[in-house]
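Only one structure is covered here, and it is reproduced in the block below.
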Protein chains: 2
Amino acid sequence: MRNDKPLSMPEGGCTCFQIRRAARKVTAIYDRHLADVGLTVTQWGLLANLAGKPPTPIGAYAEVMAMDRTTLTRNIKPLLATGLMTLSPGPDRRTRALTLTAEGKAMVRRAYPTWRAAEMEVREALGTKATTALHDTLRTSMALLDAV
Amino acid sequence: MRNDKPLSMPEGGCTCFQIRRAARKVTAIYDRHLADVGLTVTQWGLLANLAGKPPTPIGAYAEVMAMDRTTLTRNIKPLLATGLMTLSPGPDRRTRALTLTAEGKAMVRRAYPTWRAAEMEVREALGTKATTALHDTLRTSMALLDAV
DNA sequence: AACACTAAAGTGCATATGCACCTATTAGCG
DNA sequence: CGCTAATAGGTGCATATGCACTTTAGTGTT
């Protein structure tokens, strides 16, 4: 086997590159839609998933969102600043629990159709079959990686 | 159809959330391996894909890497600072062309096995079938989204 | 040549990401 | 009770991301 060019196609063959590229592309679509209501897709996710939950500590919510705890700490900053969620003291003096405010709930209701529009744009671009394949593949892959 | 709870599972059902979560997870694996040689996966990608290319202008390279031009401008900063690549003047006084330095080429050779190790870790966690499915699905999906 | 238009790249701002490290508090154990 | 472990959370630093805007340089038209 010749081996002069062992540095083959990291961009085409690198799983990480592929998935990051896809994340950038898809994020751009969602962010473009959600900009109409002044949210990023990350912020939308944090708000929408908190809706209906009881006051949730930072660490627990980070786990739910599969996000680093310190990343969550920073990601909620603009949401706290705009009054869409609040940090209330937990049972523990260490703990601080996240809750949606009334404004936050209103925002979730307002942003929902916008999120749906983004979701539909992707769904229409991909078609039903590719959309299902993408969801299934990602879900399966993540389950396998989480198991490690 | 009842519609009292229209705000259904954005985290499970949101394509964007799924793909960003996957990107975080996979990035962590690659970054953990590549930290051994002092690179992030983004930096590895930028170095490895520049190897063998003639001096490439910023904008052109951003397009190759499917990355925003201004993001590339910033991502190359640590690579320029550590002397792994250089910006030389292009044919045009507006243009600045990227090239790997000798140190950069050496780094690519050195980091290659490390990258392979990360790739293999993911591949082994997923198995051959899921790995192929992930690659194919992402490639297909991106082609469909780029077409829009 | 003068002026408008386009192209290449950088900056300001804001967010997203995560490791290493720090602080405060609680739980547990002798 | 007092010391130690573990737990919850925040900060510093560095990178990653991209939109809006600016700067500089080439292009083209009259």
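How things are named: the first chain in the structure tokens is A, the next is B, and so on; residues count from 1 in each chain; ligands count from 1 in the order shown.
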
Item to check | For C:DA1: contacts at 12 Å, only C-alpha atoms (C1' of nucleotides), fewer than 2 positions along chain excluded, given as a list in words | outcome: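 Counting only C-alpha atoms (C1' of nucleotides), the residues come to DC3 of chain C; DT29 and DT30 of chain D.
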
Mind dumping the selected residues with N, CA and C atoms (P, O5', C5', C4', C3', O3' and C1' of nucleotides) as a PDB file, in the first residue's frame?
```pdb
ATOM      1  P    DC C   3     -16.135  63.099  -8.844  1.00  0.00           P
ATOM      2  O5'  DC C   3     -17.146  61.872  -8.955  1.00  0.00           O
ATOM      3  C5'  DC C   3     -18.105  61.831 -10.021  1.00  0.00           C
ATOM      4  C4'  DC C   3     -18.797  60.478 -10.033  1.00  0.00           C
ATOM      5  C3'  DC C   3     -19.154  59.961  -8.642  1.00  0.00           C
ATOM      6  O3'  DC C   3     -20.501  59.511  -8.626  1.00  0.00           O
ATOM      7  C1'  DC C   3     -17.942  58.326  -9.835  1.00  0.00           C
TER       8       DC C   3
ATOM      9  P    DT D  29     -19.332  48.370 -18.234  1.00  0.00           P
ATOM     10  O5'  DT D  29     -20.446  49.502 -18.076  1.00  0.00           O
ATOM     11  C5'  DT D  29     -20.671  50.077 -16.775  1.00  0.00           C
ATOM     12  C4'  DT D  29     -20.864  51.575 -16.897  1.00  0.00           C
ATOM     13  C3'  DT D  29     -20.985  52.088 -18.335  1.00  0.00           C
ATOM     14  O3'  DT D  29     -22.004  53.069 -18.404  1.00  0.00           O
ATOM     15  C1'  DT D  29     -19.270  53.237 -17.216  1.00  0.00           C
ATOM     16  P    DT D  30     -22.612  53.465 -19.807  1.00  0.00           P
ATOM     17  O5'  DT D  30     -22.385  55.046 -19.837  1.00  0.00           O
ATOM     18  C5'  DT D  30     -22.766  55.839 -18.699  1.00  0.00           C
ATOM     19  C4'  DT D  30     -21.875  57.082 -18.614  1.00  0.00           C
ATOM     20  C3'  DT D  30     -21.817  57.907 -19.908  1.00  0.00           C
ATOM     21  O3'  DT D  30     -22.135  59.264 -19.623  1.00  0.00           O
ATOM     22  C1'  DT D  30     -19.646  57.548 -19.038  1.00  0.00           C
TER      23       DT D  30
END
```

Which chain C residues have any atom within 12 Å of an atom of chain A, and for each, what is the nearest pair of atoms with distance in Å to one decimal, counting only C-alpha atoms (C1' of nucleotides), rows sorted by chain and number, as a Markdown table?
```
| residue | atom | partner | partner_atom | distance |
| --- | --- | --- | --- | --- |
| C:DA14 | C1' | A:Pro78 | CA | 9.9 |
| C:DT15 | C1' | A:Asn75 | CA | 7.8 |
| C:DA16 | C1' | A:Asn75 | CA | 7.4 |
| C:DT17 | C1' | A:Thr71 | CA | 6.3 |
| C:DG18 | C1' | A:Asp68 | CA | 6.8 |
| C:DC19 | C1' | A:Thr70 | CA | 9.9 |
| C:DA20 | C1' | A:Thr70 | CA | 11.8 |
| C:DT23 | C1' | A:Arg94 | CA | 10.5 |
| C:DA24 | C1' | A:Arg94 | CA | 7.0 |
| C:DT25 | C1' | A:Arg94 | CA | 5.7 |
| C:DT26 | C1' | A:Asp92 | CA | 8.3 |
```

Checklist outcome for this item: One residue among D:DC1, D:DA6, D:DC13, D:DC19 is nearest to chain B when using only C-alpha atoms (C1' of nucleotides), and that residue is D:DC19

Select residues of chain B: the criterion is any atom within 7 Å of an atom of chain A, counting only C-alpha atoms; output as an mmCIF file with N, CA and C atoms, in the first residue's frame.
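Output contents, as saved in selection.cif:
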```
data_model
loop_
_atom_site.group_PDB
_atom_site.id
_atom_site.type_symbol
_atom_site.label_atom_id
_atom_site.label_comp_id
_atom_site.auth_asym_id
_atom_site.auth_seq_id
_atom_site.Cartn_x
_atom_site.Cartn_y
_atom_site.Cartn_z
ATOM 1 N N LEU B 7 -47.386 22.919 22.818
ATOM 2 C CA LEU B 7 -45.949 23.165 22.961
ATOM 3 C C LEU B 7 -45.233 21.852 23.246
ATOM 4 N N PRO B 10 -40.165 20.158 22.340
ATOM 5 C CA PRO B 10 -39.220 20.754 21.401
ATOM 6 C C PRO B 10 -37.865 20.078 21.490
ATOM 7 N N GLU B 11 -37.542 19.502 22.653
ATOM 8 C CA GLU B 11 -36.199 18.940 22.764
ATOM 9 C C GLU B 11 -36.101 17.607 22.057
ATOM 10 N N THR B 15 -35.474 19.246 15.320
ATOM 11 C CA THR B 15 -34.335 18.803 14.531
ATOM 12 C C THR B 15 -33.076 19.548 14.933
ATOM 13 N N CYS B 16 -33.244 20.839 15.151
ATOM 14 C CA CYS B 16 -32.097 21.670 15.474
ATOM 15 C C CYS B 16 -31.494 21.289 16.820
ATOM 16 N N GLN B 18 -31.685 18.399 18.307
ATOM 17 C CA GLN B 18 -31.056 17.083 18.161
ATOM 18 C C GLN B 18 -29.668 17.180 17.548
ATOM 19 N N ILE B 19 -29.585 17.971 16.502
ATOM 20 C CA ILE B 19 -28.329 18.021 15.768
ATOM 21 C C ILE B 19 -27.271 18.811 16.541
ATOM 22 N N ARG B 20 -27.697 19.811 17.276
ATOM 23 C CA ARG B 20 -26.751 20.577 18.083
ATOM 24 C C ARG B 20 -26.252 19.746 19.257
ATOM 25 N N ARG B 21 -27.153 18.993 19.844
ATOM 26 C CA ARG B 21 -26.782 18.112 20.927
ATOM 27 C C ARG B 21 -25.759 17.091 20.432
ATOM 28 N N ALA B 22 -26.020 16.520 19.280
ATOM 29 C CA ALA B 22 -25.101 15.534 18.706
ATOM 30 C C ALA B 22 -23.738 16.169 18.428
ATOM 31 N N ALA B 23 -23.779 17.393 17.930
ATOM 32 C CA ALA B 23 -22.523 18.085 17.628
ATOM 33 C C ALA B 23 -21.714 18.294 18.897
ATOM 34 N N VAL B 26 -20.227 14.800 20.010
ATOM 35 C CA VAL B 26 -19.154 14.306 19.144
ATOM 36 C C VAL B 26 -17.931 15.216 19.233
ATOM 37 N N THR B 27 -18.170 16.510 19.295
ATOM 38 C CA THR B 27 -17.062 17.458 19.429
ATOM 39 C C THR B 27 -16.248 17.167 20.678
ATOM 40 N N GLY B 45 -9.300 20.507 11.564
ATOM 41 C CA GLY B 45 -9.955 20.554 10.261
ATOM 42 C C GLY B 45 -9.362 21.616 9.358
ATOM 43 N N ALA B 48 -5.723 20.419 8.382
ATOM 44 C CA ALA B 48 -5.662 19.224 7.540
ATOM 45 C C ALA B 48 -6.199 19.485 6.137
ATOM 46 N N ASN B 49 -7.224 20.321 6.053
ATOM 47 C CA ASN B 49 -7.794 20.588 4.737
ATOM 48 C C ASN B 49 -6.990 21.586 3.925
ATOM 49 N N ALA B 66 -17.312 25.388 4.438
ATOM 50 C CA ALA B 66 -18.722 25.629 4.758
ATOM 51 C C ALA B 66 -18.853 26.381 6.070
ATOM 52 N N TYR B 112 -2.484 13.474 12.933
ATOM 53 C CA TYR B 112 -3.297 12.529 12.155
ATOM 54 C C TYR B 112 -3.696 11.274 12.934
ATOM 55 N N ALA B 125 -18.142 2.989 18.961
ATOM 56 C CA ALA B 125 -19.328 3.174 19.798
ATOM 57 C C ALA B 125 -20.598 2.962 18.966
ATOM 58 N N LEU B 126 -20.559 3.420 17.720
ATOM 59 C CA LEU B 126 -21.756 3.350 16.885
ATOM 60 C C LEU B 126 -21.891 2.008 16.175
ATOM 61 N N ALA B 130 -24.368 1.872 12.019
ATOM 62 C CA ALA B 130 -24.844 3.186 12.448
ATOM 63 C C ALA B 130 -23.908 4.292 11.967
ATOM 64 N N ALA B 133 -24.742 4.870 8.404
ATOM 65 C CA ALA B 133 -26.048 5.522 8.340
ATOM 66 C C ALA B 133 -25.929 7.004 8.693
ATOM 67 N N LEU B 134 -25.137 7.291 9.735
ATOM 68 C CA LEU B 134 -24.963 8.682 10.156
ATOM 69 C C LEU B 134 -24.310 9.507 9.052
ATOM 70 N N HIS B 135 -23.226 8.992 8.503
ATOM 71 C CA HIS B 135 -22.529 9.704 7.427
ATOM 72 C C HIS B 135 -23.449 9.934 6.235
ATOM 73 N N THR B 137 -26.725 9.846 6.018
ATOM 74 C CA THR B 137 -27.866 10.708 6.317
ATOM 75 C C THR B 137 -27.440 12.168 6.357
ATOM 76 N N LEU B 138 -26.314 12.430 6.998
ATOM 77 C CA LEU B 138 -25.848 13.812 7.080
ATOM 78 C C LEU B 138 -25.484 14.340 5.695
ATOM 79 N N SER B 141 -28.708 14.932 3.753
ATOM 80 C CA SER B 141 -29.471 16.052 4.304
ATOM 81 C C SER B 141 -28.822 17.386 3.950
ATOM 82 N N MET B 142 -27.511 17.432 4.066
ATOM 83 C CA MET B 142 -26.823 18.680 3.767
ATOM 84 C C MET B 142 -26.952 19.043 2.290
ATOM 85 N N LEU B 144 -29.438 18.351 0.403
ATOM 86 C CA LEU B 144 -30.802 18.840 0.207
ATOM 87 C C LEU B 144 -30.954 20.262 0.750
ATOM 88 N N LEU B 145 -30.339 20.533 1.876
ATOM 89 C CA LEU B 145 -30.460 21.870 2.461
ATOM 90 C C LEU B 145 -29.644 22.899 1.675
ATOM 91 N N VAL B 148 -31.378 24.502 -1.272
ATOM 92 C CA VAL B 148 -32.368 25.563 -1.035
ATOM 93 C C VAL B 148 -31.717 26.931 -0.984
#
```

Item to check | Separation of atom CA of B:Thr82 from atom CA of B:Gly104, in Å and rounded to one decimal | outcome: 9.1 Å
